[in-house]
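Working notes, beginning with the structure itself.
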Amino acid sequence: MWLFSRSKHDPSKEISRHGNEDRRAREKIEIAKAKQESLKQEEEEKSRLEKSKQKGKTKQVDDGDDHVEDERQVKPPKDHVDEKDVNPPPSICRGCNSAIEDGIKFDAFDVPWHPPCLILHSQQLPIATNKIPCYVCNKKIKREFHAHPFWKEIYCPGHDDDGTAKCCSCERLESYGTKYVMLPDGRWLCRECMECAVMDTVEGHYLHLEIGEFFEGLNRKIHKEFPVFLVEKEVLNIAEKEEKIQDNHYGMVTRGICLSEEQTVKSVTKWRKMGPNNQLISDMAWKSQKVIGKSEVTAILILYGLPRVLTGYILAHEMMHAWLRLNGYKKLNNVLEEGLCQVLGHMWLEPQTYATPDVVVVAAVDASTASSSSSSSSSRNPTAITTSKKRAPSGYEKKLVEFFKYQIETDESPVYGEGFKKVNKMMASNNYNLEDTLKKIVSISKNAPSSKS
């Protein structure tokens, strides 16, 4: 089963924690500097008094007149404070060249910085000329801030919990001047992800064909026919219970599942993404269909409304589960099996940044026929049409590919993250030979308990 970490590891909160530690460290540094400055001022005051006494000494005259110089004219008033000490000029940030008016600064490379400016500089990102605005509300950031570890947008910490919309695909918060789309099952999508989303089972059919060819190219052809359905979030939750999957997933959200039990599945068969003036249209249709439990794999369910590259990655993951079951690999170590499926998803993502348009011959276009066709070409084509469904990715889709690869590579979850790291290391040691890696996994899994995924 393909899952997505929602709360186990929150990079924004980690950044916030580091921000608090940095603030405490800065406070300690400032206190130490203040003490040093105080001692320095005391020494300077003593030095001034000593010099004043020396200048105040006068020669005595024979007739006993007063001093030639009045010491009071040399000695500064007792309460005198230099104006420079009262209102020292503000430090100038090395990044944006503006004054650090609130005194909250980093000293790095022997120069002062606004904290956000130093972060942006370290990430080789452009720095505002006069202020650092929040990505979400566009207000100036003065003290603490969060930043997405991949997209790098800096924003006020409060936006994590104030109801700001967050895209369920790219994870970006709804930014100033934009508007996200809410799907009927309560998920938010940014406009960029919405434009390249796979919204229904018919669209998912083309990916099913494409990924079937990908597996065939790896000498892992899937000969068994089974449908792929795009479904809502609640349908996945019900299917998970029917499959009796009870593993603790550590607060993760299910986005795909490979079925082996007989179930009735309600799939999305029709969806219009956008209407006139780029408005969302809830022109959505569902169909309930029973999948028969006569095989180790009865169907694959994928969450609808995700970008094509994410949908394809999830489908590649689930189809690896299907291939393993259909080829008798039923007692693999759970961590290593999930890791192997993550590696296959990662492998499918790799070439997507330079994919070129391709012509696909499709057997039929209605939902019932499309959902029941196999991962390879179907022989039932009385009304076959030729259509181009595979297209060159946009610049944003290429960035999404890098983001999803980043998610896989940096995942710290105990099953999917650790599994990917272990299997990827095996692949490297076996010169990326999938057959040898699978043999190694089987060897390790001989005494492992059976698991359902």
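Quick note on naming: the chains in the structure tokens go A, B, ... in the order shown, residues restart at 1 in each chain, and ligands are numbered from 1 in order of appearance.
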
At a cut-off of 8 Å, using only C-alpha atoms, what residues contact region 399-414 of chain A? Leave out same-chain residues fewer than 3 positions from it and give the result as a list in words.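 These residues fall inside the cut-off: Ser5, Lys8, His9, Phe150, Cys170, Tyr250, Val309, Leu310, Val335, Gln342, His346, Leu349, Glu350, Gln352, Thr353, Gly395, Tyr396, Gly417, Glu418, Gly419, Phe420 and Lys421 of chain A.
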
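Distances here use only C-alpha atoms; by that measure, the residue among A:Val297, A:Ala197, A:Cys134, A:Ile141 closest to Leu173 (chain A) is A:Cys134.
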
I'd like to know which of A:Glu225, A:Glu243, A:Glu203, A:Glu195 is closest to Ala299 (chain A), using only C-alpha atoms. A:Glu225

Lys139 (chain A): which residues within 12 Å, counting only C-alpha atoms, same-chain residues fewer than 4 positions away excluded, as a list in words?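 The residues that qualify are Lys131, Ile132, Pro133, Cys134, Tyr135, Phe145, Ile154, Tyr155, Cys156, Ser175 and Tyr176 of chain A.
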
Test item, strand (DSSP E) assignment across region 130-332 of chain A, answer as an NGL selection string: :A and (146-147 or 154-155 or 181-182 or 188-189 or 197-198 or 228-231 or 252-259 or 263-271 or 284-291 or 299-303 or 306-307)

Would you save the residues from that selection as a CSV table (one decimal), in the first residue's frame, using C-alpha atoms?
chain,number,residue,atom,x,y,z
A,146,HIS,CA,9.0,28.7,8.8
A,147,ALA,CA,10.3,27.6,5.4
A,154,ILE,CA,9.3,31.7,3.9
A,155,TYR,CA,6.1,32.3,5.9
A,181,VAL,CA,-9.5,24.6,-5.2
A,182,MET,CA,-11.3,22.4,-2.7
A,188,TRP,CA,-7.2,21.4,-1.4
A,189,LEU,CA,-5.4,21.6,-4.7
A,197,ALA,CA,-4.3,16.3,-12.3
A,198,VAL,CA,-5.7,12.9,-13.2
A,228,VAL,CA,-7.4,0.4,-11.9
A,229,PHE,CA,-10.0,2.7,-10.3
A,230,LEU,CA,-9.6,6.4,-9.3
A,231,VAL,CA,-11.6,6.9,-6.1
A,252,MET,CA,0.1,8.6,7.3
A,253,VAL,CA,-2.6,9.0,4.6
A,254,THR,CA,-3.4,6.3,2.2
A,255,ARG,CA,-3.2,7.2,-1.5
A,256,GLY,CA,-3.2,3.9,-3.2
A,257,ILE,CA,-4.0,0.2,-2.4
A,258,CYS,CA,-3.7,-3.1,-4.2
A,259,LEU,CA,-6.8,-5.2,-3.5
A,263,GLN,CA,-15.3,-5.7,-2.8
A,264,THR,CA,-17.7,-3.2,-4.3
A,265,VAL,CA,-15.8,-0.1,-5.4
A,266,LYS,CA,-17.3,3.3,-6.0
A,267,SER,CA,-15.0,5.0,-8.6
A,268,VAL,CA,-15.0,8.4,-10.2
A,269,THR,CA,-15.9,7.9,-13.9
A,270,LYS,CA,-16.4,11.5,-15.1
A,271,TRP,CA,-15.0,14.9,-14.0
A,284,MET,CA,-18.7,14.5,-11.3
A,285,ALA,CA,-20.1,11.0,-11.8
A,286,TRP,CA,-19.5,7.8,-9.9
A,287,LYS,CA,-20.0,4.2,-10.6
A,288,SER,CA,-20.2,1.3,-8.2
A,289,GLN,CA,-18.6,-1.9,-9.4
A,290,LYS,CA,-18.0,-5.2,-7.8
A,291,VAL,CA,-14.5,-6.7,-8.1
A,299,ALA,CA,-8.0,-4.3,-8.5
A,300,ILE,CA,-5.8,-1.2,-7.7
A,301,LEU,CA,-7.4,1.9,-6.2
A,302,ILE,CA,-5.7,5.3,-6.6
A,303,LEU,CA,-6.8,8.6,-5.0
A,306,LEU,CA,-3.5,14.2,-8.0
A,307,PRO,CA,-1.0,15.4,-10.7
